[in-house]
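Enquirer: This is upload_3.txt, which holds compact mmCIF, C-alpha atoms:
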# COMPACT_ATOMS: atom_id res chain seq x y z
CA MET P 1 2.23 -12.49 19.83
CA GLY P 2 4.73 -13.09 17.06
CA LYS P 3 6.34 -10.87 14.48
CA VAL P 4 4.61 -8.52 12.05
CA PHE P 5 5.54 -6.46 9.02
CA LEU P 6 4.66 -2.78 9.36
CA VAL P 7 4.59 -0.89 6.07
CA ASP P 8 4.29 2.91 6.03
CA VAL P 9 3.42 3.79 2.45
CA ALA P 10 3.93 7.50 3.18
CA LYS P 11 7.66 6.77 3.53
CA CYS P 12 7.96 4.70 0.34
CA ASN P 13 9.51 6.59 -2.60
CA GLY P 14 9.32 3.76 -5.12
CA CYS P 15 13.02 2.85 -5.21
CA TYR P 16 12.13 -0.84 -5.77
CA ASN P 17 14.99 -1.97 -3.51
CA CYS P 18 12.67 -4.36 -1.65
CA GLN P 19 11.61 -6.06 -4.86
CA ILE P 20 15.16 -6.21 -6.22
CA VAL P 21 16.78 -7.71 -3.11
CA CYS P 22 14.05 -10.33 -2.88
CA LYS P 23 15.03 -11.46 -6.36
CA ASP P 24 18.71 -11.30 -5.42
CA GLU P 25 18.15 -13.49 -2.37
CA HIS P 26 15.95 -16.14 -3.94
CA CYS P 27 16.67 -16.34 -7.69
CA GLY P 28 19.25 -19.04 -8.36
CA ASN P 29 19.56 -19.89 -4.66
CA ASP P 30 18.23 -23.11 -3.21
CA TRP P 31 17.30 -22.55 0.43
CA ARG P 32 15.46 -25.83 0.98
CA PRO P 33 13.77 -26.80 3.22
CA TYR P 34 12.71 -23.16 3.43
CA ALA P 35 12.36 -22.45 -0.29
CA ALA P 36 13.41 -23.73 -3.70
CA PRO P 37 14.92 -21.23 -6.16
CA GLN P 38 12.59 -18.48 -7.33
CA PRO P 39 12.36 -18.13 -11.13
CA GLU P 40 14.04 -15.04 -12.56
CA THR P 41 10.77 -13.97 -14.19
CA GLY P 42 7.09 -14.40 -13.44
CA GLN P 43 7.21 -14.28 -9.65
CA PHE P 44 7.44 -11.39 -7.20
CA TRP P 45 7.39 -12.60 -3.61
CA MET P 46 7.82 -8.94 -2.76
CA ARG P 47 6.23 -6.66 -5.33
CA LEU P 48 6.00 -2.89 -5.41
CA GLU P 49 2.66 -1.71 -6.74
CA GLU P 50 2.55 1.70 -8.36
CA LYS P 51 -0.63 3.73 -8.92
CA THR P 52 -1.07 7.13 -10.57
CA ARG P 53 -3.70 9.28 -8.85
CA GLY P 54 -5.55 12.41 -9.86
CA GLN P 55 -5.57 14.42 -13.06
CA VAL P 56 -3.38 17.15 -14.51
CA PRO P 57 -2.27 19.47 -12.98
CA VAL P 58 -2.48 17.61 -9.65
CA VAL P 59 -1.09 14.13 -10.18
CA LYS P 60 0.43 11.89 -7.52
CA VAL P 61 2.04 8.46 -7.60
CA ALA P 62 1.34 6.08 -4.72
CA TYR P 63 3.65 3.14 -4.00
CA LYS P 64 2.67 0.07 -2.02
CA PRO P 65 5.02 -2.83 -1.14
CA VAL P 66 3.05 -6.09 -1.07
CA MET P 67 4.26 -9.40 0.30
CA CYS P 68 2.52 -12.52 1.58
CA ALA P 69 0.49 -11.42 4.60
CA HIS P 70 1.24 -14.67 6.50
CA CYS P 71 -2.42 -14.66 7.56
CA ALA P 72 -3.41 -16.34 10.82
CA ALA P 73 -6.48 -17.76 9.08
CA ALA P 74 -4.74 -18.38 5.77
CA PRO P 75 -7.05 -19.73 3.01
CA CYS P 76 -4.02 -21.19 1.23
CA ALA P 77 -3.07 -23.36 4.21
CA GLU P 78 -6.65 -24.41 4.84
CA ILE P 79 -7.17 -25.66 1.28
CA CYS P 80 -3.79 -27.38 0.85
CA PRO P 81 -4.34 -31.18 0.56
CA ASP P 82 -0.70 -31.92 1.36
CA ASP P 83 -0.33 -29.95 4.61
CA ALA P 84 2.62 -28.22 2.98
CA PHE P 85 2.20 -24.96 4.93
CA VAL P 86 4.12 -24.68 8.18
CA ARG P 87 3.35 -22.04 10.81
CA ARG P 88 6.49 -20.98 12.66
CA ASP P 89 6.65 -19.76 16.25
CA ASP P 90 7.44 -16.25 14.98
CA GLY P 91 4.19 -16.21 12.98
CA LEU P 92 5.64 -16.67 9.50
CA LEU P 93 3.76 -19.07 7.26
CA VAL P 94 6.24 -21.06 5.17
CA LEU P 95 5.37 -23.27 2.21
CA ASP P 96 7.52 -26.40 2.40
CA PRO P 97 8.84 -27.07 -1.13
CA ASN P 98 9.52 -30.70 -0.27
CA ALA P 99 5.92 -31.35 0.76
CA CYS P 100 4.18 -29.37 -2.00
CA THR P 101 2.86 -31.41 -4.94
CA GLY P 102 2.03 -28.40 -7.11
CA CYS P 103 -1.75 -28.91 -7.25
CA GLY P 104 -2.23 -25.12 -7.43
CA SER P 105 -5.11 -24.95 -4.93
CA CYS P 106 -3.28 -22.41 -2.78
CA VAL P 107 -2.54 -20.20 -5.77
CA ASP P 108 -6.26 -19.81 -6.45
CA ALA P 109 -7.08 -19.43 -2.75
CA CYS P 110 -4.74 -16.50 -2.03
CA PRO P 111 -6.89 -13.34 -2.10
CA GLN P 112 -4.01 -11.01 -2.95
CA GLY P 113 -2.17 -13.13 -5.52
CA SER P 114 0.95 -13.70 -3.46
CA ILE P 115 1.42 -17.40 -4.29
CA TYR P 116 2.87 -18.55 -7.60
CA LEU P 117 3.07 -21.87 -9.42
CA ASN P 118 6.53 -22.89 -10.61
CA ALA P 119 5.75 -25.06 -13.62
CA GLU P 120 9.36 -26.13 -14.03
CA LEU P 121 9.73 -27.44 -10.48
CA GLY P 122 6.09 -28.47 -10.15
CA ILE P 123 5.55 -26.64 -6.87
CA ALA P 124 3.88 -23.52 -5.50
CA GLN P 125 6.08 -20.77 -4.06
CA LYS P 126 5.74 -17.61 -2.02
CA CYS P 127 7.45 -15.23 0.41
CA THR P 128 9.11 -17.00 3.33
CA GLY P 129 9.91 -13.85 5.29
CA CYS P 130 13.52 -14.88 4.60
CA ALA P 131 13.14 -17.46 7.36
CA HIS P 132 16.46 -19.02 6.38
CA LEU P 133 18.21 -15.74 7.18
CA LEU P 134 16.32 -15.20 10.43
CA ASP P 135 17.32 -18.67 11.59
CA SER P 136 20.97 -17.93 10.80
CA GLY P 137 21.16 -14.72 12.82
CA TRP P 138 19.56 -11.99 10.73
CA GLU P 139 17.14 -9.76 12.63
CA VAL P 140 15.00 -8.81 9.62
CA PRO P 141 14.23 -10.12 6.10
CA ARG P 142 16.18 -8.76 3.11
CA CYS P 143 13.38 -6.43 1.98
CA VAL P 144 13.32 -4.73 5.38
CA ASP P 145 17.11 -4.52 5.56
CA ALA P 146 17.27 -2.88 2.12
CA CYS P 147 14.64 -0.20 2.77
CA ALA P 148 16.56 3.05 3.20
CA HIS P 149 13.56 4.99 4.53
CA GLU P 150 12.23 2.39 6.99
CA ALA P 151 9.02 2.17 5.01
CA ILE P 152 9.06 -1.58 5.76
CA ARG P 153 9.76 -2.75 9.29
CA TYR P 154 9.65 -6.16 10.95
CA ALA P 155 9.51 -6.78 14.68
CA ASP P 156 7.51 -8.27 17.54
CA GLU P 157 4.04 -6.76 17.79
CA GLY P 158 4.86 -5.40 21.23
CA GLU P 159 7.85 -3.47 19.92
CA PHE P 160 5.65 -1.37 17.64
CA GLY P 161 3.41 -0.33 20.52
CA THR P 162 0.80 2.28 19.61
CA LEU P 163 1.99 2.42 15.99
CA LEU P 164 -0.13 -0.65 15.31
CA ASP P 165 -3.25 1.14 16.59
CA GLY P 166 -3.53 3.03 13.32
CA ALA P 167 -2.28 0.21 11.11
CA GLU P 168 -4.57 -1.89 8.93
CA PRO P 169 -4.33 -4.90 6.63
CA LEU P 170 -4.90 -4.68 2.91
CA ASP P 171 -8.56 -5.04 1.97
CA GLU P 172 -7.92 -8.34 0.21
CA VAL P 173 -6.85 -10.03 3.45
CA GLY P 174 -9.05 -8.12 5.87
CA GLY P 175 -10.39 -10.38 8.60
CA LEU P 176 -7.79 -13.10 7.99
CA GLY P 177 -5.36 -12.08 10.73
CA SER P 178 -2.81 -10.51 8.39
CA ARG P 179 0.71 -10.20 9.78
CA ALA P 180 1.38 -7.39 7.30
CA ARG P 181 -0.08 -4.11 8.52
CA TYR P 182 -0.10 -0.78 6.70
CA LEU P 183 0.04 2.87 7.73
CA ASN P 184 -1.15 5.78 5.57
CA LEU P 185 -2.78 3.73 2.84
CA PRO P 186 -4.04 6.26 0.27
CA LYS P 187 -7.70 7.16 0.48
CA ARG P 188 -8.89 9.97 -1.81
CA PHE P 189 -8.00 13.60 -2.46
CA ILE P 190 -9.83 16.57 -3.95
CA ALA P 191 -7.64 19.40 -5.19
CA GLY P 192 -7.98 22.55 -7.27
CA SER P 193 -7.36 26.29 -7.49
CA VAL P 194 -9.51 29.37 -7.01
CA VAL P 195 -9.05 32.22 -9.49
CA ASP P 196 -10.49 35.49 -10.73
CA PHE P 197 -10.33 34.98 -14.48
CA GLU P 198 -11.39 38.55 -15.28
CA ALA P 199 -8.56 40.07 -13.23
CA ASP P 200 -6.22 37.20 -14.06
CA GLU P 201 -5.48 36.71 -10.37
CA LEU P 202 -5.16 33.79 -7.98
CA LEU P 203 -7.45 34.13 -4.98
CA ILE P 204 -5.40 33.69 -1.82
CA GLY P 205 -7.25 32.89 1.39
CA ALA P 206 -10.51 31.91 -0.25
CA GLY P 207 -12.61 29.64 1.96
CA VAL P 208 -13.18 26.12 0.67
CA SER P 209 -15.49 23.70 2.44
CA LEU P 210 -16.35 20.08 1.83
CA ILE P 211 -19.45 18.23 3.00
CA GLY P 212 -19.76 14.49 2.47
CA ARG P 213 -22.90 12.40 2.36
CA GLY P 214 -21.49 10.51 5.31
CA GLY P 215 -21.59 13.69 7.38
CA VAL P 216 -17.94 14.67 6.98
CA ARG P 217 -17.38 18.43 7.13
CA LEU P 218 -13.98 19.91 6.30
CA ALA P 219 -12.79 23.44 5.65
CA LEU P 220 -9.58 25.22 4.66
CA ASP P 221 -8.30 28.36 2.94
CA THR P 222 -6.47 28.52 -0.36
CA ASP P 223 -2.70 28.96 -0.06
CA GLU P 224 -0.39 31.62 -1.52
CA PHE P 225 -0.86 30.09 -4.96
CA GLY P 226 -4.64 29.96 -4.73
CA ASP P 227 -4.50 26.18 -4.38
CA PHE P 228 -6.40 23.88 -2.06
CA GLU P 229 -6.30 20.16 -1.33
CA PHE P 230 -8.33 17.87 0.88
CA ASP P 231 -6.20 14.76 1.32
CA GLN P 232 -6.86 11.32 2.86
CA ILE P 233 -10.64 11.71 2.69
CA ASP P 234 -12.99 8.75 2.44
CA PRO P 235 -14.40 7.69 -0.92
CA ASP P 236 -17.73 9.54 -1.07
CA GLU P 237 -19.85 12.07 -2.93
CA TYR P 238 -19.09 15.58 -1.66
CA GLU P 239 -20.46 19.09 -1.97
CA LEU P 240 -17.60 21.53 -2.52
CA SER P 241 -18.22 25.22 -1.75
CA VAL P 242 -15.94 28.19 -2.36
CA THR P 243 -16.36 31.67 -0.86
CA ALA P 244 -14.27 34.84 -0.99
CA SER P 245 -14.95 38.40 0.13
CA GLY P 246 -16.38 40.46 -2.70
CA TYR P 247 -17.18 37.44 -4.86
CA ALA P 248 -20.22 35.33 -5.59
CA GLY P 249 -19.91 31.90 -4.04
CA LEU P 250 -19.58 28.66 -5.98
CA THR P 251 -20.90 25.19 -5.13
CA MET P 252 -20.34 21.96 -7.04
CA ALA P 253 -20.66 18.20 -6.59
CA VAL P 254 -17.46 16.13 -6.56
CA ASP P 255 -17.57 12.34 -6.69
CA VAL P 256 -14.47 10.50 -5.47
CA ARG P 257 -16.03 7.12 -4.80
CA VAL P 258 -13.92 5.56 -7.56
CA ALA P 259 -10.92 7.87 -8.04
CA ASP P 260 -9.22 11.03 -6.79
CA ARG P 261 -10.27 14.29 -8.40
CA CYS P 262 -8.54 17.49 -9.44
CA VAL P 263 -11.32 20.00 -10.19
CA GLY P 264 -8.93 22.41 -11.91
CA ASP P 265 -9.29 26.21 -11.78
CA LEU P 266 -12.53 27.37 -10.19
CA GLY P 267 -13.39 30.88 -11.29
CA LEU P 268 -15.27 33.25 -8.98
CA THR P 269 -17.15 36.31 -10.24
CA ARG P 270 -16.95 39.69 -8.52
CA LEU P 271 -20.15 41.03 -6.99
Translate this file's structure into structure tokens.
Expert:
Amino acid sequence: MGKVFLVDVAKCNGCYNCQIVCKDEHCGNDWRPYAAPQPETGQFWMRLEEKTRGQVPVVKVAYKPVMCAHCAAAPCAEICPDDAFVRRDDGLLVLDPNACTGCGSCVDACPQGSIYLNAELGIAQKCTGCAHLLDSGWEVPRCVDACAHEAIRYADEGEFGTLLDGAEPLDEVGGLGSRARYLNLPKRFIAGSVVDFEADELLIGAGVSLIGRGGVRLALDTDEFGDFEFDQIDPDEYELSVTASGYAGLTMAVDVRVADRCVGDLGLTRL
């Protein structure tokens, strides 16, 4: 079955430790035949992607660690004219720096941009899963070891059990047999508040419902601050309805196909 990376983005707080220790391990260190030194700039074999979501006053920041997915059906390995990619028994796909001629075909073939061309050395480079450490007794790569919140884990597929049932690859490598799986990848959210502007009051317990074109129906009540939030919903066009006793209802269209949406303060009028 082999090893897999399991990344839970809900646990990632953006500390950048994974990205930093990858640089520490590979910059200035020659681990051939596993890997030649990584340049100090221009390459991130482990990179932390940061995305701001929503609009004021509801703004979130999502973090996503991204490494080579070590795909089972890797386009980079298939296109390489030098057979420089080596599949290990543990599932890691290593790019042999001694066999690579630096043609750059693999760089263009990688759908998530995880392979880099080192112009100085004349070779392509990427994440090795710290294979040199694993072969010398380490149980996990440096990025996994450095993650204080266990947002990144590495183990045999069987050890993760049912956790992998809800895990998915990144869209860029979907269908390629990615050995990097993700939990809690951000979808979309719709948030806002319900208020009585005339009385200058927040409306607690107002009913808010959401109907999607795909048939999704969700409902909740506003909290003690008059706020509501539908989180982890699919990108879609929705009909948002608000009701409260003694008030005229309100219905509006909310489109989150492209981005999350904070609808702001929704004012209801007394009957």
Enquirer: What's around Thr222 in chain P at 8 Å? Count only C-alpha atoms, leave out sequence neighbours fewer than 2 positions away in its own chain, and write the answer as an mmCIF file with C-alpha atoms, keeping the file's coordinate frame.
Expert:
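The file below, out05.cif, is the result:
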data_model
loop_
_atom_site.group_PDB
_atom_site.id
_atom_site.type_symbol
_atom_site.label_atom_id
_atom_site.label_comp_id
_atom_site.auth_asym_id
_atom_site.auth_seq_id
_atom_site.Cartn_x
_atom_site.Cartn_y
_atom_site.Cartn_z
ATOM 1 C CA SER P 193 -7.360 26.290 -7.490
ATOM 2 C CA VAL P 194 -9.510 29.370 -7.010
ATOM 3 C CA LEU P 203 -7.450 34.130 -4.980
ATOM 4 C CA ILE P 204 -5.400 33.690 -1.820
ATOM 5 C CA GLY P 205 -7.250 32.890 1.390
ATOM 6 C CA ALA P 206 -10.510 31.910 -0.250
ATOM 7 C CA GLY P 207 -12.610 29.640 1.960
ATOM 8 C CA VAL P 208 -13.180 26.120 0.670
ATOM 9 C CA LEU P 220 -9.580 25.220 4.660
ATOM 10 C CA GLU P 224 -0.390 31.620 -1.520
ATOM 11 C CA PHE P 225 -0.860 30.090 -4.960
ATOM 12 C CA GLY P 226 -4.640 29.960 -4.730
ATOM 13 C CA ASP P 227 -4.500 26.180 -4.380
ATOM 14 C CA PHE P 228 -6.400 23.880 -2.060
#
Enquirer: Nearest to Phe189 in chain P: which of P:Glu201, P:Glu237, P:Asp165, P:Asp260 is it, counting all atoms listed in the file?
Expert: P:Asp260
Enquirer: Distance CA of Pro186 in chain P-CA of Pro111 in chain P, one decimal place?
Expert: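 About the pair CA of Pro186 in chain P and CA of Pro111 in chain P: they are 19.9 Å apart.
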Enquirer: Pick from P:Asp236, P:Leu93, P:Leu202, P:Pro65: nearest to Val216 in chain P, with only C-alpha atoms counted?
Expert: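 So, comparing all the options, the nearest one is P:Asp236.
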Enquirer: So which residues touch range 16-20 of chain P within 6 Å, counting all atoms listed in the file, skipping near sequence neighbours fewer than 6 positions away, as a VMD selection string?
Expert: chain P and resid 46 to 47 143
Enquirer: Keeping only C-alpha atoms, take the residues you just selected and write them out as a PDB file, keeping the file's coordinate frame.
Expert:
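Heads up, here's the output in result.pdb:
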ATOM      1  CA  MET P  46       7.820  -8.940  -2.760  1.00  0.00           C
ATOM      2  CA  ARG P  47       6.230  -6.660  -5.330  1.00  0.00           C
ATOM      3  CA  CYS P 143      13.380  -6.430   1.980  1.00  0.00           C
TER       4      CYS P 143
END
Enquirer: If we count all atoms listed in the file and set the cut-off at 7 Å, which residues sit around range 117-133 of chain P, ignoring sequence neighbours fewer than 4 positions away in its own chain? Please answer as a count of residues only.
Expert: 19
Enquirer: With all atoms listed in the file as the atoms that count, which of P:Arg261, P:Lys3, P:Lys11, P:Arg217 lies nearest to Asn184 in chain P?
Expert: P:Lys11
Enquirer: Mind pulling up the distance from CA of Asp24 in chain P to CA of Pro169 in chain P?
Expert: 26.8 Å
Enquirer: Rounded to one decimal in Å, what is the spacing between CA of Ala244 in chain P and CA of Asp196 in chain P?
Expert: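 Taking CA of Ala244 in chain P and CA of Asp196 in chain P, their separation equals 10.5 Å.
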Enquirer: Using only C-alpha atoms, which residue out of P:Lys60, P:His70, P:Arg270, P:His26 lies closest to Ala180 in chain P?
Expert: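 Of the candidates, the smallest distance to Ala180 in chain P is held by P:His70.
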Enquirer: Can you tell me, as JSON, the centre and edge lengths (Å, one decimal) of the axis-aligned box enclosing all of range 122-135 of chain P's listed atoms after padding each side by 4 Å?
Expert:
{"center_x": 11.0, "center_y": -21.2, "center_z": 0.7, "size_x": 22.3, "size_y": 22.6, "size_z": 29.7}
Enquirer: Only N, CA and C atoms, as a PDB file, in the first residue's frame: that is what I want for range 60-77 of chain P.
Expert:
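Saved to part17.pdb:
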ATOM      1  N   LYS P  60     -11.482  35.455   6.801  1.00  0.00           N
ATOM      2  CA  LYS P  60     -10.723  34.310   7.298  1.00  0.00           C
ATOM      3  C   LYS P  60      -9.465  34.144   6.464  1.00  0.00           C
ATOM      4  N   VAL P  61      -8.477  33.490   7.033  1.00  0.00           N
ATOM      5  CA  VAL P  61      -7.266  33.149   6.295  1.00  0.00           C
ATOM      6  C   VAL P  61      -7.132  31.629   6.309  1.00  0.00           C
ATOM      7  N   ALA P  62      -7.025  31.051   5.122  1.00  0.00           N
ATOM      8  CA  ALA P  62      -6.859  29.604   4.995  1.00  0.00           C
ATOM      9  C   ALA P  62      -5.409  29.293   4.620  1.00  0.00           C
ATOM     10  N   TYR P  63      -4.841  28.290   5.278  1.00  0.00           N
ATOM     11  CA  TYR P  63      -3.466  27.871   5.010  1.00  0.00           C
ATOM     12  C   TYR P  63      -3.476  26.456   4.438  1.00  0.00           C
ATOM     13  N   LYS P  64      -2.603  26.231   3.472  1.00  0.00           N
ATOM     14  CA  LYS P  64      -2.549  24.915   2.841  1.00  0.00           C
ATOM     15  C   LYS P  64      -1.102  24.525   2.540  1.00  0.00           C
ATOM     16  N   PRO P  65      -0.541  23.554   3.276  1.00  0.00           N
ATOM     17  CA  PRO P  65       0.798  23.050   2.954  1.00  0.00           C
ATOM     18  C   PRO P  65       0.743  22.234   1.658  1.00  0.00           C
ATOM     19  N   VAL P  66       1.661  22.506   0.753  1.00  0.00           N
ATOM     20  CA  VAL P  66       1.678  21.802  -0.538  1.00  0.00           C
ATOM     21  C   VAL P  66       3.081  21.266  -0.804  1.00  0.00           C
ATOM     22  N   MET P  67       3.159  19.972  -1.018  1.00  0.00           N
ATOM     23  CA  MET P  67       4.413  19.331  -1.395  1.00  0.00           C
ATOM     24  C   MET P  67       4.161  18.498  -2.641  1.00  0.00           C
ATOM     25  N   CYS P  68       5.207  17.943  -3.227  1.00  0.00           N
ATOM     26  CA  CYS P  68       5.034  17.008  -4.330  1.00  0.00           C
ATOM     27  C   CYS P  68       4.074  15.912  -3.888  1.00  0.00           C
ATOM     28  N   ALA P  69       3.109  15.578  -4.742  1.00  0.00           N
ATOM     29  CA  ALA P  69       2.102  14.578  -4.382  1.00  0.00           C
ATOM     30  C   ALA P  69       2.583  13.144  -4.600  1.00  0.00           C
ATOM     31  N   HIS P  70       3.778  12.971  -5.172  1.00  0.00           N
ATOM     32  CA  HIS P  70       4.336  11.639  -5.407  1.00  0.00           C
ATOM     33  C   HIS P  70       3.304  10.742  -6.094  1.00  0.00           C
ATOM     34  N   CYS P  71       2.687  11.285  -7.126  1.00  0.00           N
ATOM     35  CA  CYS P  71       1.570  10.635  -7.822  1.00  0.00           C
ATOM     36  C   CYS P  71       1.933   9.241  -8.337  1.00  0.00           C
ATOM     37  N   ALA P  72       0.978   8.326  -8.259  1.00  0.00           N
ATOM     38  CA  ALA P  72       1.187   6.988  -8.804  1.00  0.00           C
ATOM     39  C   ALA P  72       1.308   7.048 -10.322  1.00  0.00           C
ATOM     40  N   ALA P  73       0.480   7.887 -10.939  1.00  0.00           N
ATOM     41  CA  ALA P  73       0.541   8.086 -12.394  1.00  0.00           C
ATOM     42  C   ALA P  73       1.127   9.469 -12.653  1.00  0.00           C
ATOM     43  N   ALA P  74       2.382   9.637 -12.298  1.00  0.00           N
ATOM     44  CA  ALA P  74       3.016  10.957 -12.324  1.00  0.00           C
ATOM     45  C   ALA P  74       3.352  11.403 -13.747  1.00  0.00           C
ATOM     46  N   PRO P  75       2.783  12.519 -14.204  1.00  0.00           N
ATOM     47  CA  PRO P  75       3.102  13.028 -15.553  1.00  0.00           C
ATOM     48  C   PRO P  75       4.583  13.364 -15.714  1.00  0.00           C
ATOM     49  N   CYS P  76       5.213  13.809 -14.631  1.00  0.00           N
ATOM     50  CA  CYS P  76       6.630  14.167 -14.696  1.00  0.00           C
ATOM     51  C   CYS P  76       7.489  12.961 -15.035  1.00  0.00           C
ATOM     52  N   ALA P  77       7.199  11.829 -14.389  1.00  0.00           N
ATOM     53  CA  ALA P  77       7.980  10.614 -14.635  1.00  0.00           C
ATOM     54  C   ALA P  77       7.712  10.053 -16.026  1.00  0.00           C
TER      55      ALA P  77
END
